[in-house]
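Asker: Quick one: this structure, given as structure tokens, is what I'll be asking you about.
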Amino acid sequence: MAAEPYDQPFDLITMGRLGVDLYPLRVGVELARAETFGKFLGGSPANVAVAAARLGRRTALVSRTGADPFGTYLHRELRAFGVDDRWVTDVAAYPTPLTFCEIFPPDHFPIHFYRHPKAPDLEIHPGELDLPALRTARAFWMTGTGLSAEPSRSATLAALRERAAHAAAPALTVFDLDWRPTLWDGDTPADAARPLYGEALRHATVAVGNVEECAIATGEHEPHAAARALLAAGVRLAVVKQGPKGVLALAADGTAAEVPPLPVDVVNGLGAGDAFGGALVHGLLAGWDLERVLRHANAAGAIVAGRLACSSAMPHEAEIALALDTGTGAVPENPGAGDPEITPNSDRSR
């Protein structure tokens with residue numbers, strides 16, 4: 001996927017899922033009854049790249065779209081958010097994926113993926129990777145979904161091996177466990193995923209996931225045991241998200257931190273984890289201590305959970321600072337941060 005030259009390494013390159021999110025503009029309405037929708041850039045790796053870009057990081061995405069108007073829209077959105085799209089290419093054979101979500105706060109957000117017959121982002125081929133860019137990026141972020149099918153599986157593992165063999169220390173290689181069983185083929189997706197997760201963990205330096213995702217990767221359901229198992233699998237930092245109990249992180253050098261969540265009235269829990277991820281990378285690249293990194297990332301996630309959108313809701317540094325100062329994720333959107341926030345019961349569509 002080589003493109004025009006760039007003058008310096010990226011702070012963060014993410015790889016994987018990309019599509020269009022369509023959310024009902026009235027909270028608490030079933031899709032069957034919804035009449036108006038907001039259209040947003042979606043896909044976890046894309047959102048993480050946006051989140052880090054909002055915090056001043058130079059980011060890029062490796063992915064693919066359909067050769068259709070939705071693909072054109074995603075390119076435009078990536079550029080508007082400051083994410084380099086040189087490695088986002090078209091696949092004529094498959095349509096750009098759509099994802100519909102129902103919004104029933106505080107904790108019910110059914111997702112409906114339209115990724116058939118195959119999502120273009122699973123058509124990333126190993127031979128198309130820009131290996132020099134992957135080697136020199138300060139951080140690389142991949143997800144479990146990228147392991148779900150070929151040729152993306154081989155490309156994702158190739159990128160991880162390249163980083164492990166050639167990236168300069170202390171480069172970050174983050175495995176977002178991102179367990180989406182409906183996106184895997186077969187009757188026992190967990191059985192298919194577990195050895196692939198193990199292979200990815202051997203080449204990553206950071207693992208991030210919730211308790212269920214950690215259990216898929218390690219077989220351990222208790223958070224501290226899961227963190228230790230992730231370290232034993234090869235990473236140097238394990239980050240376990242525990243929902244209302246906060247987040248736990250354990251490093252290979254014995255450093256540990258556990259912080260509570262920042263309170264917020266949840267509007268849409270989707271995207272909060274991606275905001276957390278972008279802020280996590282930002283803090284780790286900045287060299288902050290582990291507790292500060294987690295508090296910063298928690299605040300970013302809380303802010304997005306209190307808003308309807310995902311990508312366009314990613315916070316700027318001033319918003320995160322305000323959330324930490326006030327002790328709540330309910331903060332006003334940063335002036336000049338982009339499109340106005342869509343609020344519950346709004347009829348505005350993008």
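Lettering and numbering for the structure tokens are positional, with chains as A, B, ... in the shown order, residues counted from 1 in each chain, and ligands counted from 1 in the shown order.
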Give the alpha helix (DSSP H) residues of range 162-299 of chain A, as DSSP finds them on the backbone, and put them as a ChimeraX atom specification.

Answerer: /A:162-166,189-203,211-218,223-233,272-286,290-299

Asker: With C-alpha atoms retained, write the just-selected residues as a JSON list (two decimals), in the first residue's frame.

Answerer:
```
[["chain", "number", "residue", "atom", "x", "y", "z"],
["A", 162, "GLU", "CA", 7.70, -7.07, 11.44],
["A", 163, "ARG", "CA", 7.28, -4.87, 14.47],
["A", 164, "ALA", "CA", 8.68, -7.50, 16.81],
["A", 165, "ALA", "CA", 11.74, -8.06, 14.62],
["A", 166, "HIS", "CA", 12.57, -4.51, 13.57],
["A", 189, "PRO", "CA", -15.41, -19.11, 17.05],
["A", 190, "ALA", "CA", -13.65, -18.98, 20.41],
["A", 191, "ASP", "CA", -11.84, -22.24, 19.64],
["A", 192, "ALA", "CA", -10.71, -20.82, 16.30],
["A", 193, "ALA", "CA", -9.64, -17.51, 17.81],
["A", 194, "ARG", "CA", -7.67, -18.70, 20.84],
["A", 195, "PRO", "CA", -4.50, -19.97, 19.07],
["A", 196, "LEU", "CA", -4.46, -16.91, 16.82],
["A", 197, "TYR", "CA", -4.77, -14.65, 19.83],
["A", 198, "GLY", "CA", -1.87, -16.53, 21.39],
["A", 199, "GLU", "CA", 0.26, -15.96, 18.31],
["A", 200, "ALA", "CA", -0.56, -12.25, 18.28],
["A", 201, "LEU", "CA", 0.24, -11.88, 21.98],
["A", 202, "ARG", "CA", 3.73, -13.29, 21.39],
["A", 203, "HIS", "CA", 4.54, -10.31, 19.15],
["A", 211, "VAL", "CA", -12.89, -9.28, 31.12],
["A", 212, "GLU", "CA", -14.73, -11.37, 28.50],
["A", 213, "GLU", "CA", -12.09, -10.62, 25.85],
["A", 214, "CYS", "CA", -9.28, -11.49, 28.24],
["A", 215, "ALA", "CA", -11.01, -14.80, 28.98],
["A", 216, "ILE", "CA", -11.08, -15.62, 25.26],
["A", 217, "ALA", "CA", -7.36, -14.89, 25.02],
["A", 218, "THR", "CA", -6.21, -16.56, 28.24],
["A", 223, "PRO", "CA", -9.11, -9.68, 36.16],
["A", 224, "HIS", "CA", -5.81, -9.99, 38.06],
["A", 225, "ALA", "CA", -5.33, -13.57, 36.91],
["A", 226, "ALA", "CA", -6.14, -12.55, 33.34],
["A", 227, "ALA", "CA", -3.59, -9.72, 33.48],
["A", 228, "ARG", "CA", -0.91, -12.11, 34.73],
["A", 229, "ALA", "CA", -1.80, -14.60, 31.99],
["A", 230, "LEU", "CA", -1.48, -11.89, 29.32],
["A", 231, "LEU", "CA", 1.99, -11.03, 30.62],
["A", 232, "ALA", "CA", 2.92, -14.71, 30.58],
["A", 233, "ALA", "CA", 1.76, -14.87, 26.94],
["A", 272, "ALA", "CA", -15.92, 4.76, 24.75],
["A", 273, "GLY", "CA", -13.38, 1.95, 24.49],
["A", 274, "ASP", "CA", -11.90, 3.49, 21.35],
["A", 275, "ALA", "CA", -11.54, 6.85, 23.07],
["A", 276, "PHE", "CA", -9.87, 4.99, 25.94],
["A", 277, "GLY", "CA", -7.51, 3.35, 23.46],
["A", 278, "GLY", "CA", -6.46, 6.54, 21.71],
["A", 279, "ALA", "CA", -5.82, 8.25, 25.05],
["A", 280, "LEU", "CA", -3.98, 5.17, 26.35],
["A", 281, "VAL", "CA", -1.54, 5.30, 23.42],
["A", 282, "HIS", "CA", -1.16, 9.06, 23.83],
["A", 283, "GLY", "CA", -0.24, 8.71, 27.51],
["A", 284, "LEU", "CA", 2.14, 5.81, 26.94],
["A", 285, "LEU", "CA", 3.93, 7.69, 24.17],
["A", 286, "ALA", "CA", 4.20, 10.70, 26.48],
["A", 290, "LEU", "CA", 0.75, 4.16, 34.63],
["A", 291, "GLU", "CA", -1.88, 5.60, 36.96],
["A", 292, "ARG", "CA", -1.91, 8.93, 35.12],
["A", 293, "VAL", "CA", -2.26, 7.11, 31.79],
["A", 294, "LEU", "CA", -5.25, 5.13, 33.05],
["A", 295, "ARG", "CA", -6.99, 8.15, 34.58],
["A", 296, "HIS", "CA", -6.55, 10.10, 31.35],
["A", 297, "ALA", "CA", -7.85, 7.20, 29.25],
["A", 298, "ASN", "CA", -10.79, 6.61, 31.61],
["A", 299, "ALA", "CA", -11.78, 10.27, 31.32]]
```

Asker: May I have the residues within 10 Å of Ala309 in chain A as a PDB file with N, CA and C atoms, in the first residue's frame, using only C-alpha atoms and disregarding those fewer than 3 positions away in the same chain?

Answerer:
```pdb
ATOM      1  N   ASP A  21     -21.084   3.920  10.539  1.00  0.00           N
ATOM      2  CA  ASP A  21     -22.026   3.708  11.637  1.00  0.00           C
ATOM      3  C   ASP A  21     -23.288   4.515  11.383  1.00  0.00           C
ATOM      4  N   LEU A  22     -24.436   3.879  11.549  1.00  0.00           N
ATOM      5  CA  LEU A  22     -25.729   4.550  11.400  1.00  0.00           C
ATOM      6  C   LEU A  22     -26.490   4.404  12.710  1.00  0.00           C
ATOM      7  N   TYR A  23     -26.705   5.518  13.389  1.00  0.00           N
ATOM      8  CA  TYR A  23     -27.362   5.515  14.699  1.00  0.00           C
ATOM      9  C   TYR A  23     -28.702   6.237  14.621  1.00  0.00           C
ATOM     10  N   LEU A  25     -31.380   8.751  15.622  1.00  0.00           N
ATOM     11  CA  LEU A  25     -31.196  10.048  16.275  1.00  0.00           C
ATOM     12  C   LEU A  25     -32.128  10.241  17.460  1.00  0.00           C
ATOM     13  N   GLY A  38     -28.132   9.236  12.158  1.00  0.00           N
ATOM     14  CA  GLY A  38     -26.882   9.963  11.968  1.00  0.00           C
ATOM     15  C   GLY A  38     -25.866   9.039  11.330  1.00  0.00           C
ATOM     16  N   LYS A  39     -25.084   9.572  10.420  1.00  0.00           N
ATOM     17  CA  LYS A  39     -24.078   8.793   9.700  1.00  0.00           C
ATOM     18  C   LYS A  39     -22.701   9.215  10.199  1.00  0.00           C
ATOM     19  N   PHE A  40     -21.878   8.223  10.607  1.00  0.00           N
ATOM     20  CA  PHE A  40     -20.575   8.518  11.194  1.00  0.00           C
ATOM     21  C   PHE A  40     -19.520   7.542  10.697  1.00  0.00           C
ATOM     22  N   LEU A  41     -18.302   7.981  10.678  1.00  0.00           N
ATOM     23  CA  LEU A  41     -17.183   7.065  10.492  1.00  0.00           C
ATOM     24  C   LEU A  41     -17.165   6.082  11.654  1.00  0.00           C
ATOM     25  N   GLY A  42     -16.940   4.801  11.366  1.00  0.00           N
ATOM     26  CA  GLY A  42     -16.924   3.796  12.410  1.00  0.00           C
ATOM     27  C   GLY A  42     -15.860   2.743  12.178  1.00  0.00           C
ATOM     28  N   VAL A 267     -25.000   7.842  27.485  1.00  0.00           N
ATOM     29  CA  VAL A 267     -25.897   7.994  26.343  1.00  0.00           C
ATOM     30  C   VAL A 267     -25.678   6.839  25.374  1.00  0.00           C
ATOM     31  N   ASN A 268     -24.408   6.582  25.037  1.00  0.00           N
ATOM     32  CA  ASN A 268     -24.060   5.504  24.117  1.00  0.00           C
ATOM     33  C   ASN A 268     -22.695   4.951  24.526  1.00  0.00           C
ATOM     34  N   GLY A 269     -22.664   3.714  25.001  1.00  0.00           N
ATOM     35  CA  GLY A 269     -21.415   3.127  25.457  1.00  0.00           C
ATOM     36  C   GLY A 269     -20.463   2.752  24.340  1.00  0.00           C
ATOM     37  N   LEU A 270     -20.954   2.692  23.100  1.00  0.00           N
ATOM     38  CA  LEU A 270     -20.090   2.354  21.975  1.00  0.00           C
ATOM     39  C   LEU A 270     -19.146   3.512  21.686  1.00  0.00           C
ATOM     40  N   GLY A 271     -17.908   3.199  21.411  1.00  0.00           N
ATOM     41  CA  GLY A 271     -16.922   4.232  21.129  1.00  0.00           C
ATOM     42  C   GLY A 271     -16.125   4.651  22.341  1.00  0.00           C
ATOM     43  N   ALA A 272     -16.651   4.384  23.537  1.00  0.00           N
ATOM     44  CA  ALA A 272     -15.920   4.756  24.746  1.00  0.00           C
ATOM     45  C   ALA A 272     -14.596   4.012  24.830  1.00  0.00           C
ATOM     46  N   VAL A 304     -16.922  10.190  25.900  1.00  0.00           N
ATOM     47  CA  VAL A 304     -17.590   9.649  24.712  1.00  0.00           C
ATOM     48  C   VAL A 304     -18.843   8.856  25.104  1.00  0.00           C
ATOM     49  N   ALA A 305     -18.816   8.169  26.241  1.00  0.00           N
ATOM     50  CA  ALA A 305     -20.004   7.435  26.694  1.00  0.00           C
ATOM     51  C   ALA A 305     -21.173   8.375  26.966  1.00  0.00           C
ATOM     52  N   GLY A 306     -20.883   9.625  27.268  1.00  0.00           N
ATOM     53  CA  GLY A 306     -21.935  10.597  27.526  1.00  0.00           C
ATOM     54  C   GLY A 306     -22.448  11.298  26.289  1.00  0.00           C
ATOM     55  N   SER A 312     -16.881  11.430  15.945  1.00  0.00           N
ATOM     56  CA  SER A 312     -16.939  12.883  16.103  1.00  0.00           C
ATOM     57  C   SER A 312     -17.033  13.311  17.560  1.00  0.00           C
ATOM     58  N   ALA A 313     -17.232  12.354  18.469  1.00  0.00           N
ATOM     59  CA  ALA A 313     -17.308  12.672  19.903  1.00  0.00           C
ATOM     60  C   ALA A 313     -15.961  12.559  20.601  1.00  0.00           C
ATOM     61  N   MET A 314     -14.930  12.101  19.892  1.00  0.00           N
ATOM     62  CA  MET A 314     -13.628  11.915  20.541  1.00  0.00           C
ATOM     63  C   MET A 314     -13.131  13.237  21.123  1.00  0.00           C
ATOM     64  N   GLU A 341     -22.211  18.284  18.610  1.00  0.00           N
ATOM     65  CA  GLU A 341     -22.615  16.978  19.125  1.00  0.00           C
ATOM     66  C   GLU A 341     -24.097  16.728  18.864  1.00  0.00           C
ATOM     67  N   ILE A 342     -24.416  15.519  18.452  1.00  0.00           N
ATOM     68  CA  ILE A 342     -25.809  15.110  18.339  1.00  0.00           C
ATOM     69  C   ILE A 342     -26.274  14.661  19.712  1.00  0.00           C
ATOM     70  N   THR A 343     -27.377  15.175  20.168  1.00  0.00           N
ATOM     71  CA  THR A 343     -27.886  14.866  21.495  1.00  0.00           C
ATOM     72  C   THR A 343     -29.125  14.003  21.392  1.00  0.00           C
TER      73      THR A 343
END
```

Asker: Which one is closest to Arg54 in chain A: A:Val259, A:Ala92, A:Ala300, A:His112? Count only C-alpha atoms.

Answerer: A:Ala300

Asker: For Gly209 in chain A, which residue among A:Pro315, A:Gly144, A:Pro332, A:Pro263 is the nearest when counting only C-alpha atoms?

Answerer: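 Under the stated criterion, the closest residue is A:Gly144.
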
Asker: A:Ala149, A:Ala302, A:Ala171, A:Met142: which is nearest Ala207 in chain A, counting only C-alpha atoms?

Answerer: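 Nearest to Ala207 in chain A: A:Met142.
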
Asker: If we count only C-alpha atoms and set the cut-off at 6 Å, which residues sit around Thr65 in chain A, ignoring sequence neighbours fewer than 6 positions away in its own chain? Please answer as a list of chain:residue names.

Answerer: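 Using only C-alpha atoms, the neighbours found are A:Gly71, A:Asp90, A:Thr96, A:Pro120.
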
Asker: Listing only residues of range 132-169 of chain A within 10 Å of range 121-126 of chain A, what is the closest atom pair and its distance in Å (to one decimal) for each, using only C-alpha atoms, sorted by chain and residue number ascending, as a tab-separated table?

Answerer:
```
residue	atom	partner	partner_atom	distance
A:Thr145	CA	A:Leu122	CA	8.7
A:Gly146	CA	A:Leu122	CA	6.7
A:Leu147	CA	A:Leu122	CA	8.7
A:Ser148	CA	A:Leu122	CA	8.1
A:Ala149	CA	A:Leu122	CA	6.5
A:Glu150	CA	A:Leu122	CA	6.8
A:Pro151	CA	A:His125	CA	5.4
A:Ser152	CA	A:Leu122	CA	4.8
A:Arg153	CA	A:Leu122	CA	7.9
A:Ser154	CA	A:Pro126	CA	6.3
A:Ala155	CA	A:Pro126	CA	4.1
A:Thr156	CA	A:Pro126	CA	7.7
A:Leu157	CA	A:Pro126	CA	8.8
A:Ala158	CA	A:Pro126	CA	6.5
A:Ala159	CA	A:Pro126	CA	8.0
```

Asker: Please, could you write that set of residues out with N, CA and C atoms as an mmCIF file, in the first residue's frame?

Answerer:
```cif
data_model
loop_
_atom_site.group_PDB
_atom_site.id
_atom_site.type_symbol
_atom_site.label_atom_id
_atom_site.label_comp_id
_atom_site.auth_asym_id
_atom_site.auth_seq_id
_atom_site.Cartn_x
_atom_site.Cartn_y
_atom_site.Cartn_z
ATOM 1 N N THR A 145 -10.457 -8.679 15.461
ATOM 2 C CA THR A 145 -11.245 -8.879 14.250
ATOM 3 C C THR A 145 -10.362 -9.064 13.030
ATOM 4 N N GLY A 146 -9.211 -8.418 13.010
ATOM 5 C CA GLY A 146 -8.294 -8.574 11.887
ATOM 6 C C GLY A 146 -7.762 -9.985 11.731
ATOM 7 N N LEU A 147 -7.902 -10.816 12.778
ATOM 8 C CA LEU A 147 -7.454 -12.204 12.728
ATOM 9 C C LEU A 147 -8.557 -13.159 12.299
ATOM 10 N N SER A 148 -9.743 -12.634 12.048
ATOM 11 C CA SER A 148 -10.915 -13.498 11.871
ATOM 12 C C SER A 148 -10.995 -14.162 10.510
ATOM 13 N N ALA A 149 -10.286 -13.660 9.503
ATOM 14 C CA ALA A 149 -10.392 -14.220 8.151
ATOM 15 C C ALA A 149 -9.140 -13.860 7.356
ATOM 16 N N GLU A 150 -8.886 -14.669 6.325
ATOM 17 C CA GLU A 150 -7.800 -14.377 5.393
ATOM 18 C C GLU A 150 -8.305 -13.457 4.281
ATOM 19 N N PRO A 151 -7.424 -12.629 3.692
ATOM 20 C CA PRO A 151 -5.973 -12.523 3.941
ATOM 21 C C PRO A 151 -5.605 -11.571 5.088
ATOM 22 N N SER A 152 -6.610 -10.930 5.706
ATOM 23 C CA SER A 152 -6.325 -10.005 6.808
ATOM 24 C C SER A 152 -5.556 -10.686 7.927
ATOM 25 N N ARG A 153 -5.880 -11.945 8.201
ATOM 26 C CA ARG A 153 -5.206 -12.667 9.288
ATOM 27 C C ARG A 153 -3.700 -12.708 9.044
ATOM 28 N N SER A 154 -3.306 -13.138 7.839
ATOM 29 C CA SER A 154 -1.882 -13.226 7.539
ATOM 30 C C SER A 154 -1.229 -11.849 7.520
ATOM 31 N N ALA A 155 -1.941 -10.844 7.023
ATOM 32 C CA ALA A 155 -1.389 -9.497 6.975
ATOM 33 C C ALA A 155 -1.187 -8.937 8.379
ATOM 34 N N THR A 156 -2.153 -9.177 9.249
ATOM 35 C CA THR A 156 -2.045 -8.673 10.624
ATOM 36 C C THR A 156 -0.886 -9.329 11.355
ATOM 37 N N LEU A 157 -0.760 -10.646 11.214
ATOM 38 C CA LEU A 157 0.349 -11.350 11.861
ATOM 39 C C LEU A 157 1.691 -10.933 11.255
ATOM 40 N N ALA A 158 1.714 -10.675 9.940
ATOM 41 C CA ALA A 158 2.948 -10.213 9.311
ATOM 42 C C ALA A 158 3.366 -8.859 9.855
ATOM 43 N N ALA A 159 2.395 -7.974 10.055
ATOM 44 C CA ALA A 159 2.700 -6.658 10.621
ATOM 45 C C ALA A 159 3.241 -6.792 12.035
#
```

Asker: Write out as a count of residues only each polymer residue whose atoms come within 9 Å of Pro117 in chain A, counting only C-alpha atoms; drop sequence neighbours fewer than 2 positions from it.

Answerer: 5

Asker: Using Å and a single decimal, report how far CA of Thr36 in chain A sits from CA of Pro24 in chain A.

Answerer: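 Result for CA of Pro24 in chain A versus CA of Thr36 in chain A: 5.9 Å, one decimal.
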
Asker: Report the distance between CA of Asp11 in chain A and CA of Thr72 in chain A in Å, rounded to one decimal place.

Answerer: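 Rounded to one decimal, the two atoms are 25.1 Å apart.
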
Asker: I'd like to know which residues of range 63-236 of chain A are strand (DSSP E or B) (by DSSP, run on the backbone); could you write them as an NGL selection string?

Answerer: :A and (63-66 or 83-91 or 98-101 or 104 or 108 or 111-114 or 139-143 or 172-176 or 206-210)

Asker: Find the residue from A:Leu131, A:Phe104, A:Glu319, A:Ala80 that sits nearest to Arg161 in chain A; use only C-alpha atoms when measuring.

Answerer: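 Selected residue with least distance to Arg161 in chain A: A:Leu131.
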